[in-house]
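J.: A single structure is presented below for examination.
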2 protein chains.
Amino acid sequence: MTTRSGPATIAEVAAHAGVSPATVSRVMNGRFVGEPSVAERVRASARALDYHPNHLARSLALGRTGAVGLVVPDLANPAFQEVLSGLAKSAAEDGYRILVTDSAEHPEDEPELATEIRRRCDAVVLCAPRMRHDDLVTLAPTLDPLVLVNRPDVTVAAPSLSIDYGAGIAELARYMYESGHRRFAFLAGPEMSVSNALRLASLDRFASDHPDTTMVRIPSGVGIENGLAAADAVARADVTAALAYNDLVAVGLINGLAEHGIRVPEDISVAGFDDIPYARYMSPPLTTVAVPHTDLGVEAWDRMQTLLNSRRPAGQVVLTPRLEVRGSTDRLI
Amino acid sequence: MTTRSGPATIAEVAAHAGVSPATVSRVMNGRFVGEPSVAERVRASARALDYHPNHLARSLALGRTGAVGLVVPDLANPAFQEVLSGLAKSAAEDGYRILVTDSAEHPEDEPELATEIRRRCDAVVLCAPRMRHDDLVTLAPTLDPLVLVNRPDVTVAAPSLSIDYGAGIAELARYMYESGHRRFAFLAGPEMSVSNALRLASLDRFASDHPDTTMVRIPSGVGIENGLAAADAVARADVTAALAYNDLVAVGLINGLAEHGIRVPEDISVAGFDDIPYARYMSPPLTTVAVPHTDLGVEAWDRMQTLLNSRRPAGQVVLTPRLEVRGSTDRLI
DNA sequence: ACCTCGTGAGAAAGCGGTTTCTCCGTTAGT
DNA sequence: ACTAACGGAGAAACCGCTTTCTCACGAGGT
């Protein structure tokens, strides 16, 4: 009588029930079509031995793992955390798990990361806003099934979910214009960021459509500290409204302006972007553009789902942000 | 000439190089000790066929997947996101990936989730502050290697990383006491939450150590809306200081009090717990207790690492939060 | 010249399932 | 009564890689 070491295997269940492994497999997967008594015996044996199919072995035989990889630039970034949250919840409903990894904000590492993680699972959701276009084009076909998040790219066959940052900031600018503002500052995000480029392009268009406005571009960044650092430049810029790259920058800016004795919104209007949960509760409450990051994850799974069922999902989906007017901006007229 | 379908297999590389699969395997894993020319030929073939070992097959043969599961109650919760972030980054340095799942705040589902995810990977990091103790005791042995986060439990053999919430709130209470406050309100979190229980126990001890204080307990919750809802009760409670279960509750409370025309900190001092990134930038800046959630993830990986190398790590590690005094609390003396 | 030992590399047996293919026994049809 | 069809279940191949075991060959010792 040998003492069994690890968990029970299908062979042991088969022996215990006096049937073949094939039969056990069929019973376990609901593909069994014979004597009900046999099935019952197998089930009893499985229960007795506390048998659970080895997931790895199943995956190997089946050719699918039931997991999907998610690659993001930085897991510490709330925006990507929201994407993950939405994605993981939706995926879980279909019995899929998410394998996560981040590139520590090194876009050049992302192709390798994505490739590596792809080998461990059935598909990849790639969130690579800063990856070089060439890299993306060569990488994408090797990742299939692939869903792109926040990286609209018609060159690539993969479905893509993204936020229309341009439309969002345009709506904000239009609102500010209608409120009487003419002299704007834009606190720009990272040079290489696609979403920053979209904002810039949109604001350029806005400026040329409205020749009576000025738009000062101030290099900033993505964090509170970058907003703080930009306060000086904004104070000097002789503007009535500052549009920050995101809410964190806006928070920093408002605090930095306070140190200069500049009040928001009385002396200058400040708007953010993203609508982080706390934006509504700051004082003054932050006017911002609500970006549905969680929806991005949810919709990404929707596309992935159809992809995994080898149907062709809609190619490019663009979610539109929503303007949230609050107390940090003033109407001049 | 048959057209190859999927990616190259080890057998194909072997055929191409004119060697056996065993040799290819050894070369790929650096265990080859023969003619260097053979190794070079294998490497050339691998390159020519763009061969990459099938991760699943390797895992099955090796008995290890290079992935670790993380179970949390809610991926949308910033605290758990920070744990994930710290964990994923540390794990990545050792070549491990993280498979995440959340229980949608259903503690009763967590045993099954953890068991399921454990079958897909080499170990589990379990973050289950609300799981029933009995469940944990029966579950833990089946999950080994296991690291517990935020769930100190000497009954269970697994190493555990946690925050000393009791010490944190005690330090806050002591500071407030020294500032002259005597009448306190505590906005309690979820009934079943261990971390809430720790805060309560600590405050009870504080109250009995300081008979000249009163401590009103007000049921609240974990979100901004719960803080808002509690404002009324706090306003009625005739206290000089309110300690919120966490920063979100504090944010809600401050906003709710403002609606009652009650100023913070002039009329009542409010303190939070967690030190979320925005706490410092609110107005008034929030006095709070900084909780190192990211470190929790980092340290969890440290323990996991020693566990995976089958050494015995320190059993129970407790991280101490740090008091952050800011503008939302006033000294009365 | 013969035997032993060391070395390089292949054959084959797993890892733990799934699935095709095959076989055997029973039932129905004429 | 004989055969065709069918249904139930097992044998074996396979998924792709690792690793032990085995073997052939050449070198060195006596």
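Scheme for the structure tokens: letters A, B, ... for chains in order shown; per-chain residue numbers from 1; ligand numbers from 1 in order shown.
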If you run DSSP on the backbone here, which positions in region 192-262 of chain A get helix (DSSP H, G or I)? Please write them as a ChimeraX atom specification.
T.: /A:194-209,224-236,247-259
J.: Would you mind writing down, as a ChimeraX atom specification, each residue of region 149-276 of chain A that DSSP on the backbone assigns to strand (DSSP E)?
T.: /A:149,160-163,183-188,214-219,241-244,269-271
J.: Output the contact residues of chain B with respect to chain C at a cut-off of 9 Å, based on only C-alpha atoms (C1' of nucleotides), as number ranges by chain.
T.: B: 19-23, 33-35, 57, 59-63
J.: Write the residues of the preceding selection, restricted to N, CA and C atoms, as an mmCIF file, in the first residue's frame.
T.:
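File written: again.cif
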```cif
data_model
loop_
_atom_site.group_PDB
_atom_site.id
_atom_site.type_symbol
_atom_site.label_atom_id
_atom_site.label_comp_id
_atom_site.auth_asym_id
_atom_site.auth_seq_id
_atom_site.Cartn_x
_atom_site.Cartn_y
_atom_site.Cartn_z
ATOM 1 N N VAL B 19 19.587 16.798 -34.095
ATOM 2 C CA VAL B 19 19.876 16.253 -32.762
ATOM 3 C C VAL B 19 18.576 15.750 -32.143
ATOM 4 N N SER B 20 18.637 15.331 -30.915
ATOM 5 C CA SER B 20 17.418 14.863 -30.246
ATOM 6 C C SER B 20 16.781 16.000 -29.454
ATOM 7 N N PRO B 21 15.492 15.874 -29.186
ATOM 8 C CA PRO B 21 14.802 16.879 -28.384
ATOM 9 C C PRO B 21 15.493 17.101 -27.044
ATOM 10 N N ALA B 22 16.010 16.027 -26.481
ATOM 11 C CA ALA B 22 16.681 16.146 -25.188
ATOM 12 C C ALA B 22 17.816 17.154 -25.270
ATOM 13 N N THR B 23 18.561 17.066 -26.329
ATOM 14 C CA THR B 23 19.696 17.980 -26.494
ATOM 15 C C THR B 23 19.216 19.417 -26.633
ATOM 16 N N VAL B 33 26.378 20.056 -21.842
ATOM 17 C CA VAL B 33 27.792 19.948 -21.487
ATOM 18 C C VAL B 33 28.606 19.196 -22.542
ATOM 19 N N GLY B 34 28.207 19.299 -23.792
ATOM 20 C CA GLY B 34 28.943 18.535 -24.805
ATOM 21 C C GLY B 34 29.699 19.423 -25.774
ATOM 22 N N GLU B 35 29.847 18.941 -26.980
ATOM 23 C CA GLU B 35 30.498 19.696 -28.051
ATOM 24 C C GLU B 35 29.886 21.085 -28.195
ATOM 25 N N ALA B 57 3.750 23.600 -21.480
ATOM 26 C CA ALA B 57 4.384 22.284 -21.461
ATOM 27 C C ALA B 57 5.540 22.264 -20.458
ATOM 28 N N SER B 59 5.825 24.160 -17.840
ATOM 29 C CA SER B 59 5.261 24.200 -16.500
ATOM 30 C C SER B 59 4.806 22.817 -16.057
ATOM 31 N N LEU B 60 4.164 22.116 -16.968
ATOM 32 C CA LEU B 60 3.652 20.787 -16.629
ATOM 33 C C LEU B 60 4.804 19.851 -16.281
ATOM 34 N N ALA B 61 5.820 19.879 -17.106
ATOM 35 C CA ALA B 61 6.961 18.989 -16.874
ATOM 36 C C ALA B 61 7.717 19.390 -15.603
ATOM 37 N N LEU B 62 7.857 20.683 -15.415
ATOM 38 C CA LEU B 62 8.644 21.179 -14.284
ATOM 39 C C LEU B 62 7.862 21.172 -12.977
ATOM 40 N N GLY B 63 6.552 21.254 -13.104
ATOM 41 C CA GLY B 63 5.740 21.331 -11.892
ATOM 42 C C GLY B 63 5.717 22.717 -11.291
#
```
J.: Starting from chain B, keep only residues with some atom at most 6 Å from an atom of chain A, counting only C-alpha atoms, and report them as an NGL selection string.
T.: :B and (55-56 or 60 or 75-76 or 85 or 98-100 or 120 or 282-283)
J.: For those residues, write N, CA and C atoms to a file as a compact mmCIF listing (two decimals), in the first residue's frame.
T.:
```txt
# COMPACT_ATOMS: atom_id res chain seq x y z
N HIS B 55 5.35 27.50 -22.87
CA HIS B 55 5.38 27.73 -21.43
C HIS B 55 4.55 26.73 -20.66
N LEU B 56 3.40 26.38 -21.21
CA LEU B 56 2.51 25.43 -20.56
C LEU B 56 3.19 24.07 -20.40
N LEU B 60 4.16 22.12 -16.97
CA LEU B 60 3.65 20.79 -16.63
C LEU B 60 4.80 19.85 -16.28
N LEU B 75 -10.88 44.76 -6.45
CA LEU B 75 -9.79 45.36 -7.22
C LEU B 75 -9.99 46.85 -7.43
N ALA B 76 -11.21 47.33 -7.18
CA ALA B 76 -11.45 48.76 -7.37
C ALA B 76 -11.00 49.56 -6.16
N SER B 85 0.23 46.48 -6.86
CA SER B 85 1.31 47.18 -7.52
C SER B 85 2.67 46.81 -6.91
N ILE B 98 1.80 37.86 -11.79
CA ILE B 98 0.70 37.79 -10.83
C ILE B 98 -0.62 37.56 -11.56
N LEU B 99 -1.34 36.58 -11.07
CA LEU B 99 -2.68 36.28 -11.57
C LEU B 99 -3.66 36.85 -10.55
N VAL B 100 -4.48 37.80 -10.98
CA VAL B 100 -5.34 38.46 -9.98
C VAL B 100 -6.80 38.03 -10.07
N ARG B 120 -3.81 27.12 -10.60
CA ARG B 120 -3.20 27.64 -11.82
C ARG B 120 -1.80 28.16 -11.58
N MET B 282 -5.93 68.20 -0.04
CA MET B 282 -7.29 68.68 0.18
C MET B 282 -7.22 70.01 0.92
N SER B 283 -8.35 70.68 1.00
CA SER B 283 -8.32 71.83 1.87
C SER B 283 -9.49 71.74 2.85
```
J.: I need the chain D residues near chain B as JSON, numbers by chain; criterion: at most 9 Å, counting only C-alpha atoms (C1' of nucleotides).
T.: {"D": [15, 16, 17, 18, 19]}
J.: Go ahead and write the selection's residues with all heavy atoms as a short mmCIF file (atom, residue, chain, number, x, y, z; two decimals), in the first residue's frame.
T.:
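Now in out_15.cif:
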```cif
data_model
loop_
_atom_site.label_atom_id
_atom_site.label_comp_id
_atom_site.auth_asym_id
_atom_site.auth_seq_id
_atom_site.Cartn_x
_atom_site.Cartn_y
_atom_site.Cartn_z
P DC D 15 0.58 16.42 -31.23
OP1 DC D 15 0.43 16.71 -32.65
OP2 DC D 15 1.88 15.93 -30.71
"O5'" DC D 15 0.22 17.74 -30.41
"C5'" DC D 15 -1.01 17.98 -29.79
"C4'" DC D 15 -0.78 18.75 -28.50
"O4'" DC D 15 -1.06 17.88 -27.39
"C3'" DC D 15 0.66 19.19 -28.32
"O3'" DC D 15 0.79 20.54 -28.73
"C2'" DC D 15 0.92 19.03 -26.83
"C1'" DC D 15 -0.25 18.22 -26.30
N1 DC D 15 0.13 16.94 -25.64
C2 DC D 15 -0.45 16.59 -24.42
O2 DC D 15 -1.28 17.35 -23.91
N3 DC D 15 -0.11 15.42 -23.84
C4 DC D 15 0.79 14.61 -24.43
N4 DC D 15 1.10 13.46 -23.81
C5 DC D 15 1.40 14.96 -25.66
C6 DC D 15 1.04 16.12 -26.23
P DG D 16 2.04 20.92 -29.69
OP1 DG D 16 1.74 22.25 -30.25
OP2 DG D 16 2.30 19.78 -30.56
"O5'" DG D 16 3.27 21.06 -28.71
"C5'" DG D 16 3.24 22.07 -27.71
"C4'" DG D 16 4.34 21.82 -26.71
"O4'" DG D 16 4.08 20.59 -26.01
"C3'" DG D 16 5.74 21.68 -27.31
"O3'" DG D 16 6.59 22.53 -26.60
"C2'" DG D 16 6.08 20.22 -27.09
"C1'" DG D 16 5.31 19.92 -25.81
N9 DG D 16 5.02 18.53 -25.58
C8 DG D 16 4.80 17.55 -26.52
N7 DG D 16 4.56 16.37 -26.00
C5 DG D 16 4.61 16.59 -24.63
C6 DG D 16 4.44 15.68 -23.55
O6 DG D 16 4.18 14.48 -23.60
N1 DG D 16 4.58 16.31 -22.32
C2 DG D 16 4.87 17.63 -22.16
N2 DG D 16 4.98 18.08 -20.91
N3 DG D 16 5.04 18.50 -23.15
C4 DG D 16 4.90 17.91 -24.36
P DC D 17 8.07 22.73 -26.95
OP1 DC D 17 8.34 24.17 -27.05
OP2 DC D 17 8.45 21.83 -28.03
"O5'" DC D 17 8.74 22.22 -25.59
"C5'" DC D 17 8.38 22.87 -24.38
"C4'" DC D 17 8.70 21.99 -23.21
"O4'" DC D 17 8.04 20.71 -23.37
"C3'" DC D 17 10.17 21.68 -22.99
"O3'" DC D 17 10.59 22.26 -21.76
"C2'" DC D 17 10.26 20.17 -22.92
"C1'" DC D 17 8.81 19.74 -22.70
N1 DC D 17 8.51 18.42 -23.28
C2 DC D 17 8.24 17.35 -22.42
O2 DC D 17 8.25 17.54 -21.20
N3 DC D 17 7.96 16.14 -22.95
C4 DC D 17 7.96 15.98 -24.28
N4 DC D 17 7.68 14.76 -24.76
C5 DC D 17 8.23 17.05 -25.17
C6 DC D 17 8.51 18.26 -24.64
P DT D 18 12.12 22.20 -21.36
OP1 DT D 18 12.40 23.42 -20.60
OP2 DT D 18 12.94 21.83 -22.53
"O5'" DT D 18 12.12 20.97 -20.33
"C5'" DT D 18 11.38 21.07 -19.13
"C4'" DT D 18 11.58 19.83 -18.30
"O4'" DT D 18 11.13 18.65 -19.01
"C3'" DT D 18 13.02 19.54 -17.89
"O3'" DT D 18 12.97 19.15 -16.52
"C2'" DT D 18 13.44 18.39 -18.80
"C1'" DT D 18 12.13 17.65 -18.98
N1 DT D 18 11.94 16.87 -20.23
C2 DT D 18 11.53 15.56 -20.14
O2 DT D 18 11.34 15.00 -19.07
N3 DT D 18 11.34 14.93 -21.34
C4 DT D 18 11.53 15.45 -22.60
O4 DT D 18 11.31 14.78 -23.61
C5 DT D 18 11.97 16.82 -22.63
C7 DT D 18 12.20 17.49 -23.95
C6 DT D 18 12.15 17.45 -21.47
P DT D 19 14.29 19.13 -15.62
OP1 DT D 19 13.88 19.59 -14.29
OP2 DT D 19 15.38 19.81 -16.35
"O5'" DT D 19 14.63 17.58 -15.55
"C5'" DT D 19 13.61 16.67 -15.18
"C4'" DT D 19 14.10 15.25 -15.37
"O4'" DT D 19 13.85 14.81 -16.72
"C3'" DT D 19 15.59 15.03 -15.13
"O3'" DT D 19 15.76 13.82 -14.44
"C2'" DT D 19 16.17 14.93 -16.54
"C1'" DT D 19 15.01 14.20 -17.23
N1 DT D 19 14.99 14.33 -18.70
C2 DT D 19 14.41 13.32 -19.44
O2 DT D 19 13.92 12.34 -18.95
N3 DT D 19 14.43 13.52 -20.79
C4 DT D 19 14.96 14.61 -21.47
O4 DT D 19 14.91 14.67 -22.69
C5 DT D 19 15.55 15.63 -20.63
C7 DT D 19 16.15 16.84 -21.26
C6 DT D 19 15.53 15.44 -19.30
#
```
J.: Write out as a ChimeraX atom specification which residues come within 7 Å of Leu243 (chain A) when counting only C-alpha atoms (C1' of nucleotides), dropping same-chain ones fewer than 3 positions away.
T.: /A:185-187,270-272
J.: How about saving the chosen residues, N, CA, C and O atoms kept, as a PDB file, in the first residue's frame?
T.:
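So selection17.pdb came out as:
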```pdb
ATOM      1  N   ALA A 185      -3.872  78.656 -20.468  1.00  0.00           N
ATOM      2  CA  ALA A 185      -2.615  77.908 -20.357  1.00  0.00           C
ATOM      3  C   ALA A 185      -2.974  76.427 -20.435  1.00  0.00           C
ATOM      4  O   ALA A 185      -4.013  76.010 -19.925  1.00  0.00           O
ATOM      5  N   PHE A 186      -2.114  75.645 -21.108  1.00  0.00           N
ATOM      6  CA  PHE A 186      -2.288  74.189 -21.069  1.00  0.00           C
ATOM      7  C   PHE A 186      -1.046  73.578 -20.443  1.00  0.00           C
ATOM      8  O   PHE A 186       0.071  73.791 -20.933  1.00  0.00           O
ATOM      9  N   LEU A 187      -1.240  72.855 -19.358  1.00  0.00           N
ATOM     10  CA  LEU A 187      -0.126  72.172 -18.701  1.00  0.00           C
ATOM     11  C   LEU A 187       0.010  70.804 -19.352  1.00  0.00           C
ATOM     12  O   LEU A 187      -0.763  69.885 -19.070  1.00  0.00           O
ATOM     13  N   VAL A 270      -9.159  76.791 -12.941  1.00  0.00           N
ATOM     14  CA  VAL A 270      -8.323  75.615 -13.197  1.00  0.00           C
ATOM     15  C   VAL A 270      -9.227  74.422 -13.475  1.00  0.00           C
ATOM     16  O   VAL A 270     -10.196  74.188 -12.751  1.00  0.00           O
ATOM     17  N   ALA A 271      -8.906  73.690 -14.519  1.00  0.00           N
ATOM     18  CA  ALA A 271      -9.660  72.469 -14.824  1.00  0.00           C
ATOM     19  C   ALA A 271      -8.706  71.297 -14.936  1.00  0.00           C
ATOM     20  O   ALA A 271      -7.556  71.457 -15.357  1.00  0.00           O
ATOM     21  N   GLY A 272      -9.195  70.144 -14.553  1.00  0.00           N
ATOM     22  CA  GLY A 272      -8.384  68.929 -14.631  1.00  0.00           C
ATOM     23  C   GLY A 272      -8.855  68.025 -15.755  1.00  0.00           C
ATOM     24  O   GLY A 272      -9.542  68.463 -16.700  1.00  0.00           O
TER      25      GLY A 272
END
```
J.: Which residues are close to Gly256 (chain A), i.e. within 10 Å by only C-alpha atoms (C1' of nucleotides), leaving aside same-chain residues fewer than 4 positions away? Reply as a list in words.
T.: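 The contact residues come out as Ile224, Glu225, Asn226, Gly227, Leu228, Ala229, Ala230, Ala231, Asp232, Val234, Ala235, Ala250, Val251, Gly252, His260, Gly261 and Ile262 of chain A.
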J.: Just all heavy atoms for this one: save the residues we selected as a CSV table (one decimal), in the first residue's frame.
T.:
```csv
chain,number,residue,atom,x,y,z
A,224,ILE,N,1.1,65.2,-9.1
A,224,ILE,CA,0.8,66.4,-8.3
A,224,ILE,C,2.1,67.3,-8.3
A,224,ILE,O,2.0,68.5,-8.5
A,224,ILE,CB,0.5,66.0,-6.9
A,224,ILE,CG1,-0.9,65.3,-6.9
A,224,ILE,CG2,0.5,67.2,-6.0
A,224,ILE,CD1,-1.3,64.7,-5.6
A,225,GLU,N,3.2,66.7,-8.2
A,225,GLU,CA,4.5,67.5,-8.1
A,225,GLU,C,4.7,68.3,-9.3
A,225,GLU,O,5.2,69.4,-9.3
A,225,GLU,CB,5.7,66.6,-7.8
A,225,GLU,CG,6.0,65.6,-8.8
A,225,GLU,CD,5.1,64.4,-8.8
A,225,GLU,OE1,4.1,64.4,-8.0
A,225,GLU,OE2,5.3,63.4,-9.5
A,226,ASN,N,4.3,67.8,-10.5
A,226,ASN,CA,4.5,68.5,-11.7
A,226,ASN,C,3.6,69.7,-11.8
A,226,ASN,O,3.9,70.8,-12.4
A,226,ASN,CB,4.2,67.6,-12.9
A,226,ASN,CG,5.1,66.4,-13.0
A,226,ASN,OD1,6.3,66.5,-13.0
A,226,ASN,ND2,4.5,65.2,-12.9
A,227,GLY,N,2.4,69.6,-11.2
A,227,GLY,CA,1.5,70.7,-11.2
A,227,GLY,C,2.0,71.8,-10.3
A,227,GLY,O,1.9,73.0,-10.6
A,228,LEU,N,2.5,71.4,-9.1
A,228,LEU,CA,3.1,72.3,-8.2
A,228,LEU,C,4.2,73.1,-8.9
A,228,LEU,O,4.3,74.3,-8.8
A,228,LEU,CB,3.7,71.5,-7.0
A,228,LEU,CG,2.8,71.3,-5.8
A,228,LEU,CD1,3.5,70.3,-4.8
A,228,LEU,CD2,2.6,72.6,-5.1
A,229,ALA,N,5.1,72.4,-9.6
A,229,ALA,CA,6.2,73.0,-10.2
A,229,ALA,C,5.8,74.0,-11.3
A,229,ALA,O,6.5,74.9,-11.6
A,229,ALA,CB,7.1,71.9,-10.8
A,230,ALA,N,4.6,73.7,-11.9
A,230,ALA,CA,4.2,74.6,-13.0
A,230,ALA,C,3.5,75.9,-12.5
A,230,ALA,O,3.3,76.8,-13.3
A,230,ALA,CB,3.3,73.8,-13.9
A,231,ALA,N,3.2,75.9,-11.2
A,231,ALA,CA,2.4,77.1,-10.7
A,231,ALA,C,3.1,78.4,-11.1
A,231,ALA,O,2.4,79.4,-11.5
A,231,ALA,CB,2.2,76.9,-9.2
A,232,ASP,N,4.4,78.4,-10.9
A,232,ASP,CA,5.2,79.6,-11.2
A,232,ASP,C,5.0,80.1,-12.6
A,232,ASP,O,4.6,81.3,-12.8
A,232,ASP,CB,6.7,79.3,-10.9
A,232,ASP,CG,7.4,80.5,-10.4
A,232,ASP,OD1,6.9,81.0,-9.3
A,232,ASP,OD2,8.4,80.9,-11.0
A,234,VAL,N,2.6,79.4,-14.6
A,234,VAL,CA,1.2,79.7,-14.8
A,234,VAL,C,0.9,81.1,-14.3
A,234,VAL,O,0.2,82.0,-14.9
A,234,VAL,CB,0.2,78.7,-14.2
A,234,VAL,CG1,-1.2,79.2,-14.2
A,234,VAL,CG2,0.3,77.4,-14.9
A,235,ALA,N,1.5,81.4,-13.1
A,235,ALA,CA,1.3,82.7,-12.5
A,235,ALA,C,1.8,83.8,-13.4
A,235,ALA,O,1.2,84.9,-13.5
A,235,ALA,CB,2.0,82.7,-11.1
A,250,ALA,N,-3.7,69.2,-11.9
A,250,ALA,CA,-4.6,70.3,-11.5
A,250,ALA,C,-4.5,70.5,-10.0
A,250,ALA,O,-4.4,71.7,-9.5
A,250,ALA,CB,-6.0,70.1,-11.9
A,251,VAL,N,-4.5,69.4,-9.2
A,251,VAL,CA,-4.4,69.5,-7.8
A,251,VAL,C,-3.1,70.2,-7.4
A,251,VAL,O,-3.1,71.1,-6.6
A,251,VAL,CB,-4.4,68.1,-7.1
A,251,VAL,CG1,-4.1,68.1,-5.7
A,251,VAL,CG2,-5.8,67.5,-7.3
A,252,GLY,N,-2.0,69.8,-8.0
A,252,GLY,CA,-0.7,70.4,-7.7
A,252,GLY,C,-0.7,71.8,-8.0
A,252,GLY,O,-0.3,72.7,-7.3
A,260,HIS,N,1.4,81.1,-4.1
A,260,HIS,CA,1.6,82.5,-4.7
A,260,HIS,C,0.5,83.5,-4.3
A,260,HIS,O,0.5,84.6,-4.8
A,260,HIS,CB,1.6,82.4,-6.2
A,260,HIS,CG,2.9,81.8,-6.7
A,260,HIS,ND1,3.2,80.4,-6.6
A,260,HIS,CD2,3.9,82.3,-7.4
A,260,HIS,CE1,4.3,80.2,-7.2
A,260,HIS,NE2,4.8,81.3,-7.7
A,261,GLY,N,-0.4,83.0,-3.5
A,261,GLY,CA,-1.5,83.9,-3.1
A,261,GLY,C,-2.5,84.1,-4.2
A,261,GLY,O,-3.4,85.0,-4.2
A,262,ILE,N,-2.5,83.2,-5.1
A,262,ILE,CA,-3.5,83.2,-6.2
A,262,ILE,C,-4.7,82.3,-5.9
A,262,ILE,O,-4.5,81.1,-5.7
A,262,ILE,CB,-2.8,82.8,-7.6
A,262,ILE,CG1,-1.6,83.8,-7.9
A,262,ILE,CG2,-3.8,82.8,-8.7
A,262,ILE,CD1,-0.8,83.4,-9.1
```
J.: Excluding Ala241 (chain A) and its own-chain neighbours fewer than 2 positions away, which residues fall within 10 Å of it when counting only C-alpha atoms (C1' of nucleotides)? Please give them as a list in words.
T.: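 In the requested form, the answer reads Ala173, Met176, Tyr177, His181, Arg182, Arg183, Phe184, Ala185, Phe186, Met215, Val234, Asp238, Val239, Leu243, Ala244, Val264, Pro265, Asp267, Ile268, Ser269, Val270, Ala271, Ser328, Thr329 and Asp330 of chain A.
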J.: Between CA of Leu70 (chain B) and CA of Thr155 (chain B), measure the distance and give it in Å to one decimal.
T.: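 According to the coordinates, CA of Leu70 (chain B) and CA of Thr155 (chain B) are separated by 21.2 Å.
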J.: What is the distance, in Å and to one decimal place, between CA of Ala79 (chain B) and CA of Ile276 (chain B)?
T.: 8.7 Å
J.: Could you check how far CA of Gly297 (chain B) sits from CA of Val194 (chain B), in Å to one decimal?
T.: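 A separation of 18.5 Å between them.
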J.: What's the 12 Å shell around Ala170 (chain B), counting only C-alpha atoms (C1' of nucleotides), without same-chain residues fewer than 6 positions away, as JSON, numbers by chain?
T.: {"B": [164, 176, 177, 198, 199, 200, 201, 202, 203, 204, 205, 206, 207, 209, 210, 243, 273, 289, 320, 321, 322, 323]}
J.: Contacts of Ala128 (chain B) at 10 Å or less, counting only C-alpha atoms (C1' of nucleotides), minus same-chain residues fewer than 5 places along, as a PyMOL selection string?
T.: chain B and resi 71-74+102-103+105-107+110-111+114+136+148-151+193-194
